[in-house]
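> Dropping the structure in here first, questions after.
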Amino acid sequence: MVGEKERLASNPDRETGERLEAVRERIAAAANRSGRAPDSVRLVAASKTQPPAALRAAYRMGVCDFGESYVQEAVNKRAALGDLADLRWHLIGHLQRNKVAQALDCFELIHSLDSARLAARLAGLRAGAAPQVLVQVNLGGEAGKSGVAPSELEALLDAVRAVVKVDGLMTIPARAATAQDSRRQFAHLRELRNGLARLTGLELNELSMGMSDDFEVAIEEGATIVRIGRAIFGERMR
């Protein structure tokens with residue numbers, strides 16, 4: 001008799017569908033617990049290293065937002081999925097200045113702005129509407145992790161607001177033993193956003209925080225965008 005694991009492995013579309021359904025149920029439950037509508041949370045499928053076929057399978061199940069960490073990988077996938085006109089691409093990894101032109105052509109939202117110099121380059125290469133970005137905040141002060149320090153966030157917003165459209169903030173919390181251990185960092189980002197919206201007059205509607213291991217806690221603390229990979233696609237392809 002074929003076991004459940006073997007059945008799913010023989011039908012990857014079904015496996016993705018069942019994982020995706022479970023993720024959506026968990027998103028809805030977390031939103032309800034925090035007194036919010038489930039559709040106030042945007043699901044971005046973090047598809048780094050996944051083949052185009054995996055993204056196409058998720059699209060057939062209603063996913064339109066995909067998050068990529070590397071510009072060239074996203075450019076290649078976008079070309080392979082060019083027949084899917086309503087896909088929305090998010091850059092959720094660090095953006096190198098030498099990749100800015102490609103990024104502007106590929107992504108609807110860049111989650112990882114962290115310097116005035118990068119904002120100026122984005123604006124300088126974009127004709128027309130200002131690029132839409134989130135500012136990445138390094139809440140834990142971790143060496144080697146991208147993002148601006150909380151103490152420098154107000155100054156950065158003042159420096160870039162004239163050249164890019166800042167829609168909100170993003171963070172990747174410090175590694176934690178449990179999802180609950182990340183709650184304080186998610187709450188901190190929300191409090192930063194609320195305070196800076198009052199000070200600067202910027203709307204800062206978006207909070208991009210929460211991944212496969214902690215997205216429910218992030219939603220409870222105000223996330224409007226969650227970036228989920230493994231819980232949808234399984235382990236990353238190598």
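Scheme for the structure tokens: letters A, B, ... for chains in order shown; per-chain residue numbers from 1; ligand numbers from 1 in order shown.
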Write out as a PyMOL selection string the set of residues from range 24-217 of chain A that DSSP, computed on the backbone, places in helix (DSSP H, G or I).
chain A and resi 24-33+38-40+52-60+71-80+97-106+116-125+150-160+179-200+215-217
> For the residues in the current selection, export C-alpha atoms as an mmCIF file, in the first residue's frame.

```cif
data_model
loop_
_atom_site.group_PDB
_atom_site.id
_atom_site.type_symbol
_atom_site.label_atom_id
_atom_site.label_comp_id
_atom_site.auth_asym_id
_atom_site.auth_seq_id
_atom_site.Cartn_x
_atom_site.Cartn_y
_atom_site.Cartn_z
ATOM 1 C CA ARG A 24 -3.248 29.950 4.180
ATOM 2 C CA GLU A 25 -5.244 28.452 7.039
ATOM 3 C CA ARG A 26 -2.504 29.408 9.494
ATOM 4 C CA ILE A 27 -2.331 32.945 8.074
ATOM 5 C CA ALA A 28 -6.101 33.318 8.442
ATOM 6 C CA ALA A 29 -6.066 32.013 12.006
ATOM 7 C CA ALA A 30 -3.232 34.350 13.036
ATOM 8 C CA ALA A 31 -4.960 37.324 11.424
ATOM 9 C CA ASN A 32 -8.215 36.486 13.200
ATOM 10 C CA ARG A 33 -6.409 36.228 16.528
ATOM 11 C CA PRO A 38 -6.940 37.450 6.530
ATOM 12 C CA ASP A 39 -6.721 39.379 3.252
ATOM 13 C CA SER A 40 -4.841 42.160 5.074
ATOM 14 C CA PRO A 52 10.227 27.685 -12.569
ATOM 15 C CA ALA A 53 7.982 24.598 -12.574
ATOM 16 C CA ALA A 54 7.528 24.917 -8.812
ATOM 17 C CA LEU A 55 6.507 28.561 -9.158
ATOM 18 C CA ARG A 56 4.113 27.657 -11.947
ATOM 19 C CA ALA A 57 2.509 25.031 -9.720
ATOM 20 C CA ALA A 58 2.025 27.583 -6.928
ATOM 21 C CA TYR A 59 0.593 30.054 -9.433
ATOM 22 C CA ARG A 60 -2.011 27.522 -10.500
ATOM 23 C CA VAL A 71 18.552 39.420 -9.104
ATOM 24 C CA GLN A 72 19.888 37.206 -11.886
ATOM 25 C CA GLU A 73 17.954 34.181 -10.658
ATOM 26 C CA ALA A 74 14.768 36.243 -10.668
ATOM 27 C CA VAL A 75 15.463 37.621 -14.145
ATOM 28 C CA ASN A 76 15.854 34.082 -15.491
ATOM 29 C CA LYS A 77 12.661 32.857 -13.810
ATOM 30 C CA ARG A 78 10.690 35.852 -14.978
ATOM 31 C CA ALA A 79 11.734 35.091 -18.555
ATOM 32 C CA ALA A 80 10.785 31.411 -18.140
ATOM 33 C CA ARG A 97 24.430 48.554 -6.626
ATOM 34 C CA ASN A 98 25.738 46.922 -9.808
ATOM 35 C CA LYS A 99 22.434 45.005 -10.094
ATOM 36 C CA VAL A 100 20.144 48.020 -9.717
ATOM 37 C CA ALA A 101 19.241 48.407 -13.392
ATOM 38 C CA GLN A 102 18.206 44.754 -13.675
ATOM 39 C CA ALA A 103 16.320 44.943 -10.396
ATOM 40 C CA LEU A 104 14.286 47.923 -11.557
ATOM 41 C CA ASP A 105 13.243 46.013 -14.663
ATOM 42 C CA CYS A 106 12.303 42.887 -12.718
ATOM 43 C CA ALA A 116 20.784 56.669 0.814
ATOM 44 C CA ARG A 117 23.408 55.800 -1.796
ATOM 45 C CA LEU A 118 21.371 52.821 -2.974
ATOM 46 C CA ALA A 119 18.195 54.936 -3.062
ATOM 47 C CA ALA A 120 19.938 57.548 -5.202
ATOM 48 C CA ARG A 121 21.100 54.910 -7.663
ATOM 49 C CA LEU A 122 17.609 53.407 -7.884
ATOM 50 C CA ALA A 123 16.119 56.821 -8.565
ATOM 51 C CA GLY A 124 18.823 57.767 -11.026
ATOM 52 C CA LEU A 125 18.130 54.745 -13.212
ATOM 53 C CA PRO A 150 17.019 51.503 14.301
ATOM 54 C CA SER A 151 18.836 54.610 15.565
ATOM 55 C CA GLU A 152 19.634 55.626 11.970
ATOM 56 C CA LEU A 153 16.237 54.876 10.477
ATOM 57 C CA GLU A 154 14.677 58.331 10.804
ATOM 58 C CA ALA A 155 17.665 59.998 9.143
ATOM 59 C CA LEU A 156 17.600 57.494 6.292
ATOM 60 C CA LEU A 157 13.887 58.025 5.681
ATOM 61 C CA ASP A 158 14.430 61.785 5.543
ATOM 62 C CA ALA A 159 17.307 61.297 3.099
ATOM 63 C CA VAL A 160 15.490 59.013 0.654
ATOM 64 C CA ALA A 179 8.916 31.634 17.051
ATOM 65 C CA GLN A 180 7.838 33.223 20.316
ATOM 66 C CA ASP A 181 11.418 34.353 20.893
ATOM 67 C CA SER A 182 11.105 36.570 17.804
ATOM 68 C CA ARG A 183 7.934 38.298 19.008
ATOM 69 C CA ARG A 184 9.777 41.162 20.677
ATOM 70 C CA GLN A 185 11.631 42.010 17.462
ATOM 71 C CA PHE A 186 8.434 41.970 15.411
ATOM 72 C CA ALA A 187 6.729 44.211 17.962
ATOM 73 C CA HIS A 188 9.764 46.509 17.880
ATOM 74 C CA LEU A 189 9.503 46.920 14.106
ATOM 75 C CA ARG A 190 5.803 47.727 14.405
ATOM 76 C CA GLU A 191 6.499 50.318 17.100
ATOM 77 C CA LEU A 192 9.269 51.864 14.993
ATOM 78 C CA ARG A 193 6.918 52.074 12.020
ATOM 79 C CA ASN A 194 4.131 53.672 14.032
ATOM 80 C CA GLY A 195 6.421 56.243 15.615
ATOM 81 C CA LEU A 196 8.163 57.164 12.377
ATOM 82 C CA ALA A 197 4.882 57.445 10.482
ATOM 83 C CA ARG A 198 3.816 60.087 12.992
ATOM 84 C CA LEU A 199 7.169 61.902 12.898
ATOM 85 C CA THR A 200 7.710 61.895 9.146
ATOM 86 C CA PHE A 215 5.060 33.998 10.356
ATOM 87 C CA GLU A 216 2.109 33.462 12.687
ATOM 88 C CA VAL A 217 3.774 35.456 15.467
#
```
> Where does DSSP see strand (DSSP E) in range 99-195 of chain A, if you list the residues as a PyMOL selection string?
chain A and resi 109-113+132-136+165-170
> Can you spit out the residues from that selection as a compact mmCIF listing (two decimals), in the first residue's frame, using N, CA and C atoms?

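The new file result03.txt reads:
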```txt
# COMPACT_ATOMS: atom_id res chain seq x y z
N LEU A 109 8.49 45.41 -6.06
CA LEU A 109 8.79 45.94 -4.74
C LEU A 109 10.13 45.41 -4.28
N ILE A 110 11.00 46.32 -3.85
CA ILE A 110 12.31 45.97 -3.30
C ILE A 110 12.22 46.09 -1.79
N HIS A 111 12.42 44.98 -1.08
CA HIS A 111 12.24 44.94 0.37
C HIS A 111 13.49 45.34 1.14
N SER A 112 14.60 45.62 0.47
CA SER A 112 15.89 45.63 1.15
C SER A 112 16.69 46.92 0.98
N LEU A 113 16.02 48.05 0.84
CA LEU A 113 16.76 49.31 0.81
C LEU A 113 17.41 49.55 2.17
N GLN A 132 9.39 51.68 -5.81
CA GLN A 132 8.72 51.32 -4.56
C GLN A 132 9.63 50.42 -3.75
N VAL A 133 9.84 50.80 -2.48
CA VAL A 133 10.79 50.09 -1.65
C VAL A 133 10.25 49.94 -0.23
N LEU A 134 10.84 48.99 0.47
CA LEU A 134 10.76 48.90 1.92
C LEU A 134 12.17 49.11 2.46
N VAL A 135 12.28 49.70 3.61
CA VAL A 135 13.59 49.87 4.24
C VAL A 135 13.85 48.69 5.17
N GLN A 136 14.97 48.02 4.96
CA GLN A 136 15.33 46.89 5.80
C GLN A 136 16.00 47.39 7.08
N LYS A 165 9.77 55.78 -3.26
CA LYS A 165 8.51 55.69 -2.52
C LYS A 165 8.67 54.61 -1.45
N VAL A 166 8.77 55.05 -0.21
CA VAL A 166 8.96 54.10 0.89
C VAL A 166 7.59 53.65 1.38
N ASP A 167 7.29 52.36 1.14
CA ASP A 167 5.98 51.82 1.51
C ASP A 167 5.94 51.26 2.92
N GLY A 168 7.11 51.06 3.54
CA GLY A 168 7.12 50.48 4.88
C GLY A 168 8.49 49.94 5.24
N LEU A 169 8.51 49.00 6.18
CA LEU A 169 9.75 48.47 6.72
C LEU A 169 9.79 46.95 6.59
N MET A 170 11.00 46.42 6.59
CA MET A 170 11.21 44.97 6.54
C MET A 170 12.28 44.60 7.56
```
> Give me the residues within 9 Å of Gly140 in chain A as number ranges by chain, counting only C-alpha atoms and dropping any in the same chain fewer than 6 places off.
A: 149, 173-174, 185
> Could you dump the residues just selected with C-alpha atoms as a PDB file, in the first residue's frame?

```pdb
ATOM      1  CA  ALA A 149      20.213  50.336  12.563  1.00  0.00           C
ATOM      2  CA  PRO A 173      14.987  38.800  13.045  1.00  0.00           C
ATOM      3  CA  ALA A 174      17.981  37.341  14.764  1.00  0.00           C
ATOM      4  CA  GLN A 185      11.631  42.010  17.462  1.00  0.00           C
TER       5      GLN A 185
END
```
> Measure the distance from CA of Arg227 in chain A to CA of Val44 in chain A in Å and round it to one decimal.
4.9 Å
> For each of A:Gly17, A:Gly141, A:Gly229, A:Gly67, take the minimum atom-to-atom distance to Asp213 in chain A, counting only C-alpha atoms, then give the residue where this is smallest.
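Once distances to Asp213 in chain A are computed over only C-alpha atoms, the minimum belongs to A:Gly229.
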> Can you work out the spacing between CA of Arg42 in chain A and CA of Gly144 in chain A in Å, to one decimal?
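Between CA of Arg42 in chain A and CA of Gly144 in chain A the gap works out to 28.0 Å.
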> Just to confirm, what's the straight-line distance from CA of Phe107 in chain A to CA of His90 in chain A in Å (one decimal)?
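Atom-to-atom, CA of Phe107 in chain A and CA of His90 in chain A are spaced 5.4 Å apart.
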